[in-house]
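Heads up, run-v3.cif below (mmCIF, C-alpha atoms):
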data_query
loop_
_atom_site.group_PDB
_atom_site.id
_atom_site.type_symbol
_atom_site.label_atom_id
_atom_site.label_comp_id
_atom_site.auth_asym_id
_atom_site.auth_seq_id
_atom_site.Cartn_x
_atom_site.Cartn_y
_atom_site.Cartn_z
ATOM 1 C CA MET M 1 -86.449 -102.724 35.314
ATOM 2 C CA ASN M 2 -90.049 -103.012 36.417
ATOM 3 C CA SER M 3 -92.060 -104.231 33.437
ATOM 4 C CA GLN M 4 -95.475 -103.425 34.900
ATOM 5 C CA PRO M 5 -97.365 -100.778 32.940
ATOM 6 C CA SER M 6 -97.949 -97.452 34.633
ATOM 7 C CA PRO M 7 -101.443 -97.156 36.056
ATOM 8 C CA SER M 8 -103.821 -94.729 34.420
ATOM 9 C CA PHE M 9 -105.275 -92.000 36.577
ATOM 10 C CA VAL M 10 -108.951 -91.342 36.070
ATOM 11 C CA PRO M 11 -110.801 -88.061 36.626
ATOM 12 C CA ASN M 12 -113.884 -88.499 38.796
ATOM 13 C CA PRO M 13 -116.808 -88.916 36.356
ATOM 14 C CA GLU M 14 -119.293 -87.624 38.965
ATOM 15 C CA PRO M 15 -117.549 -84.997 41.129
ATOM 16 C CA ARG M 16 -119.727 -83.347 43.767
ATOM 17 C CA GLN M 17 -117.504 -80.873 45.629
ATOM 18 C CA ALA M 18 -117.624 -77.961 43.177
ATOM 19 C CA TYR M 19 -115.891 -74.626 43.722
ATOM 20 C CA THR M 20 -116.217 -71.481 41.656
ATOM 21 C CA LEU M 21 -112.833 -69.848 41.116
ATOM 22 C CA THR M 22 -112.844 -66.105 40.470
ATOM 23 C CA VAL M 23 -109.654 -64.332 39.377
ATOM 24 C CA ARG M 24 -109.620 -60.529 39.822
ATOM 25 C CA ILE M 25 -106.859 -58.231 38.581
ATOM 26 C CA GLN M 26 -106.426 -54.743 40.078
ATOM 27 C CA GLY M 27 -103.938 -52.049 39.120
ATOM 28 C CA ALA M 28 -102.008 -53.999 36.475
ATOM 29 C CA PRO M 29 -99.948 -51.799 34.133
ATOM 30 C CA GLY M 30 -101.610 -53.457 31.121
ATOM 31 C CA PRO M 31 -103.810 -56.376 30.128
ATOM 32 C CA LEU M 32 -103.242 -59.869 31.511
ATOM 33 C CA GLU M 33 -104.297 -63.095 29.818
ATOM 34 C CA VAL M 34 -104.734 -66.471 31.494
ATOM 35 C CA VAL M 35 -102.209 -68.807 29.869
ATOM 36 C CA ALA M 36 -102.704 -71.803 32.194
ATOM 37 C CA SER M 37 -105.061 -72.820 34.968
ATOM 38 C CA ALA M 38 -105.374 -76.182 36.642
ATOM 39 C CA ALA M 39 -106.329 -78.031 39.780
ATOM 40 C CA GLN M 40 -103.520 -80.268 41.082
ATOM 41 C CA TYR M 41 -104.272 -83.533 42.871
ATOM 42 C CA ASP M 42 -101.849 -85.890 44.661
ATOM 43 C CA VAL M 43 -102.344 -89.344 46.148
ATOM 44 C CA ARG M 44 -102.511 -88.721 49.899
ATOM 45 C CA ASN M 45 -102.107 -92.275 51.289
ATOM 46 C CA THR M 46 -98.694 -93.511 50.160
ATOM 47 C CA GLU M 47 -99.206 -96.997 51.633
ATOM 48 C CA CYS M 48 -101.170 -97.802 48.445
ATOM 49 C CA LEU M 49 -97.983 -97.289 46.398
ATOM 50 C CA PRO M 50 -95.337 -99.947 45.669
ATOM 51 C CA PRO M 51 -92.725 -100.434 48.403
ATOM 52 C CA PRO M 52 -89.072 -99.503 47.719
ATOM 53 C CA LYS M 53 -88.090 -103.153 47.113
ATOM 54 C CA ASP M 54 -90.343 -103.174 44.012
ATOM 55 C CA ASN M 55 -88.716 -100.114 42.462
ATOM 56 C CA PRO M 56 -85.362 -99.812 40.684
ATOM 57 C CA GLU M 57 -82.499 -98.983 43.078
ATOM 58 C CA GLY M 58 -84.859 -99.309 46.089
ATOM 59 C CA ARG M 59 -86.400 -95.871 45.739
ATOM 60 C CA THR M 60 -89.858 -95.213 47.026
ATOM 61 C CA ALA M 61 -92.496 -94.767 44.373
ATOM 62 C CA PRO M 62 -93.056 -91.146 43.422
ATOM 63 C CA VAL M 63 -96.326 -89.772 44.736
ATOM 64 C CA PRO M 64 -98.700 -89.706 41.779
ATOM 65 C CA THR M 65 -99.832 -86.224 40.840
ATOM 66 C CA GLN M 66 -102.364 -85.152 38.248
ATOM 67 C CA ASP M 67 -103.439 -81.759 36.895
ATOM 68 C CA LEU M 68 -106.942 -81.175 35.584
ATOM 69 C CA PRO M 69 -107.456 -77.982 33.568
ATOM 70 C CA ILE M 70 -109.773 -75.305 34.910
ATOM 71 C CA THR M 71 -111.604 -73.568 32.078
ATOM 72 C CA LEU M 72 -111.745 -69.879 32.968
ATOM 73 C CA GLN M 73 -114.166 -67.592 31.149
ATOM 74 C CA ARG M 74 -113.427 -63.891 30.823
ATOM 75 C CA ILE M 75 -116.128 -61.971 32.718
ATOM 76 C CA SER M 76 -114.573 -58.530 32.143
ATOM 77 C CA ASP M 77 -111.171 -57.017 31.339
ATOM 78 C CA ASN M 78 -110.132 -57.699 34.934
ATOM 79 C CA GLU M 79 -112.040 -60.835 35.921
ATOM 80 C CA TYR M 80 -112.152 -64.519 35.004
ATOM 81 C CA ARG M 81 -114.344 -67.292 36.430
ATOM 82 C CA GLY M 82 -114.444 -71.084 36.241
ATOM 83 C CA THR M 83 -115.233 -74.270 38.173
ATOM 84 C CA PHE M 84 -113.032 -76.943 39.683
ATOM 85 C CA TYR M 85 -113.736 -79.841 42.025
ATOM 86 C CA ALA M 86 -112.168 -80.828 45.335
ATOM 87 C CA ASP M 87 -113.026 -84.442 44.442
ATOM 88 C CA GLY M 88 -111.857 -84.174 40.831
ATOM 89 C CA MET M 89 -109.941 -87.471 40.768
ATOM 90 C CA LEU M 90 -111.386 -90.958 41.166
ATOM 91 C CA ASP M 91 -110.060 -92.909 44.159
ATOM 92 C CA GLN M 92 -108.957 -96.284 42.826
ATOM 93 C CA GLU M 93 -106.779 -99.338 43.214
ATOM 94 C CA LEU M 94 -103.528 -98.597 41.366
ATOM 95 C CA HIS M 95 -100.903 -101.123 42.513
ATOM 96 C CA GLY M 96 -102.712 -103.970 44.280
ATOM 97 C CA ARG M 97 -101.999 -102.438 47.701
ATOM 98 C CA GLY M 98 -105.357 -100.866 48.500
ATOM 99 C CA VAL M 99 -107.319 -97.919 47.165
ATOM 100 C CA CYS M 100 -105.291 -94.760 46.525
ATOM 101 C CA HIS M 101 -107.116 -91.639 47.689
ATOM 102 C CA TRP M 102 -106.567 -88.354 45.868
ATOM 103 C CA ALA M 103 -106.509 -84.933 47.535
ATOM 104 C CA LEU M 104 -106.766 -81.489 45.978
ATOM 105 C CA ILE M 105 -103.398 -79.802 46.513
ATOM 106 C CA GLN M 106 -104.028 -76.460 44.825
ATOM 107 C CA ALA M 107 -105.834 -74.491 42.151
ATOM 108 C CA GLN M 108 -103.316 -72.441 40.182
ATOM 109 C CA VAL M 109 -103.576 -69.691 37.574
ATOM 110 C CA GLN M 110 -100.765 -68.338 35.396
ATOM 111 C CA LEU M 111 -101.140 -64.993 33.636
ATOM 112 C CA LYS M 112 -99.015 -63.161 31.052
ATOM 113 C CA ALA M 113 -99.324 -59.817 29.323
ATOM 114 C CA THR M 114 -100.067 -61.297 25.893
ATOM 115 C CA GLY M 115 -99.026 -64.931 26.249
ATOM 116 C CA ALA M 116 -95.907 -64.415 24.135
ATOM 117 C CA PRO M 117 -92.761 -66.438 24.856
ATOM 118 C CA GLY M 118 -90.370 -64.734 27.263
ATOM 119 C CA GLU M 119 -93.004 -62.749 29.167
ATOM 120 C CA THR M 120 -93.192 -62.946 32.950
ATOM 121 C CA ARG M 121 -95.564 -65.613 34.247
ATOM 122 C CA PHE M 122 -97.576 -64.165 37.134
ATOM 123 C CA ILE M 123 -98.563 -67.215 39.197
ATOM 124 C CA ALA M 124 -101.312 -67.303 41.830
ATOM 125 C CA LYS M 125 -102.542 -70.349 43.715
ATOM 126 C CA ILE M 126 -104.905 -71.311 46.474
ATOM 127 C CA GLY M 127 -104.256 -74.465 48.469
ATOM 128 C CA GLY M 128 -106.746 -77.275 48.768
ATOM 129 C CA ASP M 129 -106.250 -77.262 52.536
ATOM 130 C CA GLU M 130 -107.385 -73.614 52.621
ATOM 131 C CA LEU M 131 -110.767 -74.374 51.049
ATOM 132 C CA GLY M 132 -112.264 -76.174 54.029
ATOM 133 C CA GLN M 133 -111.718 -73.167 56.311
ATOM 134 C CA ALA M 134 -114.821 -71.298 55.134
ATOM 135 C CA PRO M 135 -117.488 -71.481 52.393
ATOM 136 C CA SER M 136 -115.473 -68.805 50.543
ATOM 137 C CA LYS M 137 -111.729 -68.115 50.590
ATOM 138 C CA THR M 138 -109.934 -65.155 48.984
ATOM 139 C CA LYS M 139 -106.181 -64.960 48.621
ATOM 140 C CA ALA M 140 -104.349 -61.920 47.212
ATOM 141 C CA PHE M 141 -100.977 -61.809 45.463
ATOM 142 C CA HIS M 142 -99.007 -58.645 44.703
ATOM 143 C CA TYR M 143 -96.613 -58.363 41.767
ATOM 144 C CA TRP M 144 -93.978 -55.770 41.009
ATOM 145 C CA LYS M 145 -95.121 -53.705 38.017
ATOM 146 C CA ALA M 146 -91.551 -53.470 36.690
ATOM 147 C CA ARG M 147 -91.753 -57.172 35.718
ATOM 148 C CA TYR M 148 -94.650 -56.463 33.342
ATOM 149 C CA PRO M 149 -94.632 -57.568 30.562
ATOM 150 C CA LYS M 150 -91.155 -59.051 30.939
ATOM 151 C CA ASP M 151 -88.480 -59.161 33.613
ATOM 152 C CA ALA M 152 -85.386 -57.441 32.196
ATOM 153 C CA GLY M 153 -83.078 -60.226 33.355
ATOM 154 C CA TYR M 154 -85.047 -63.405 32.647
ATOM 155 C CA ASP M 155 -87.191 -65.040 29.975
ATOM 156 C CA ASP M 156 -90.421 -66.632 31.245
ATOM 157 C CA TYR M 157 -89.710 -65.396 34.766
ATOM 158 C CA PRO M 158 -92.050 -67.174 37.243
ATOM 159 C CA ASP M 159 -93.314 -64.485 39.632
ATOM 160 C CA TYR M 160 -95.185 -65.936 42.623
ATOM 161 C CA GLY M 161 -95.932 -62.504 44.062
ATOM 162 C CA GLN M 162 -96.093 -61.337 47.647
ATOM 163 C CA GLY M 163 -98.967 -61.950 49.991
ATOM 164 C CA ASP M 164 -98.685 -58.900 52.216
ATOM 165 C CA LEU M 165 -97.530 -55.471 51.105
ATOM 166 C CA ARG M 166 -97.465 -54.151 54.677
ATOM 167 C CA GLN M 167 -93.882 -55.450 54.829
ATOM 168 C CA LEU M 168 -92.918 -52.759 52.298
ATOM 169 C CA PRO M 169 -92.563 -49.045 52.919
ATOM 170 C CA ALA M 170 -95.853 -47.242 52.198
ATOM 171 C CA ASP M 171 -94.288 -45.217 49.359
ATOM 172 C CA LYS M 172 -93.346 -48.453 47.463
ATOM 173 C CA ARG M 173 -96.750 -50.154 47.573
ATOM 174 C CA ASP M 174 -98.002 -48.358 44.450
ATOM 175 C CA ASP M 175 -95.254 -50.169 42.498
ATOM 176 C CA PHE M 176 -97.319 -53.373 42.754
ATOM 177 C CA PHE M 177 -100.535 -54.691 41.233
ATOM 178 C CA GLU M 178 -102.843 -57.327 42.683
ATOM 179 C CA VAL M 179 -104.305 -60.615 41.512
ATOM 180 C CA SER M 180 -106.812 -62.176 43.897
ATOM 181 C CA LEU M 181 -108.272 -65.666 43.783
ATOM 182 C CA THR M 182 -111.602 -66.409 45.397
ATOM 183 C CA ALA M 183 -112.720 -70.011 45.737
ATOM 184 C CA LYS M 184 -116.354 -70.369 46.768
ATOM 185 C CA GLU M 185 -118.399 -73.488 47.271
ATOM 186 C CA ALA M 186 -120.722 -73.822 44.299
#
Could you take the file, read its structure, and then write that structure out as structure tokens?
Amino acid sequence: MNSQPSPSFVPNPEPRQAYTLTVRIQGAPGPLEVVASAAQYDVRNTECLPPPKDNPEGRTAPVPTQDLPITLQRISDNEYRGTFYADGMLDQELHGRGVCHWALIQAQVQLKATGAPGETRFIAKIGGDELGQAPSKTKAFHYWKARYPKDAGYDDYPDYGQGDLRQLPADKRDDFFEVSLTAKEA
């Protein structure tokens, strides 16, 4: 077994690439509460990680990942807003193989009707690679209303929604509600 301690990952104490995240809910059959929201970061240059020969059974080192919470404030019954940073993690030497550089993978929000156990988790996310495309990026997700507040067949059902309702017959589109995420440079 490798007896080296696991490195500690450090949030960037002086991030500069701020984004305002706005969550808008339209047409939901009832209230939705944010139960989790975070920005996910992964190390993007794996050559800074230990080689397979230094790991048990010759496996490559898992790519380090870190979530930093996004504090979302309720703006109205149907809108939340908060800030996250594209450079939220501190690039650092972790294994004596060069500086590991972190990249924003996604900003994710999970909503539930009341937050009670067993309710459907409506999950929306915007990728870090999508943020550089424009000063502001909006992404919409559509969820089947019948899964609110709970899917009949599953506890804590993770619903990732659909991006485009045009794939559905026009008479079925009213069976869905929308959650949109807008990430805008702050």
CA of Pro11 in chain M to CA of Gln110 in chain M, straight-line distance in Å: 22.2 Å
Atom-to-atom span, CA of Asp151 in chain M and CA of Pro117 in chain M, Å: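 We find that CA of Asp151 in chain M and CA of Pro117 in chain M lie 12.2 Å from each other.
This file gives the following result for the PyMOL selection byres ((chain M and resi 32) around 6): Pro31, Glu33, Leu111, Lys112 and Ala113 of chain M.
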Atom pair CA of Asp174 in chain M / CA of Ala140 in chain M: separation (Å):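 Distance reported for this atom pair: 15.2 Å.
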Top pick for closest residue to His95 in chain M, considering M:Pro149, M:Leu72, M:Ala28, M:Pro51 and counting only C-alpha atoms: M:Pro51
Nearby residues, (-110.7, -67.1, 37.5) file frame, 8 Å, all atoms listed in the file, as a list of chain:residue names: M:Leu21, M:Thr22, M:Val23, M:Arg24, M:Leu72, M:Gln73, M:Arg74, M:Glu79, M:Tyr80, M:Arg81, M:Gly82, M:Val109, M:Leu181, M:Thr182
Suppose a student applies the PyMOL selection byres ((chain M and resi 15) around 6) to this structure; what residues should they get, written as a PDB file with C-alpha atoms, keeping the file's coordinate frame?
ATOM      1  CA  ASN M  12    -113.884 -88.499  38.796  1.00  0.00           C
ATOM      2  CA  GLU M  14    -119.293 -87.624  38.965  1.00  0.00           C
ATOM      3  CA  ARG M  16    -119.727 -83.347  43.767  1.00  0.00           C
ATOM      4  CA  ASP M  87    -113.026 -84.442  44.442  1.00  0.00           C
ATOM      5  CA  GLY M  88    -111.857 -84.174  40.831  1.00  0.00           C
TER       6      GLY M  88
END
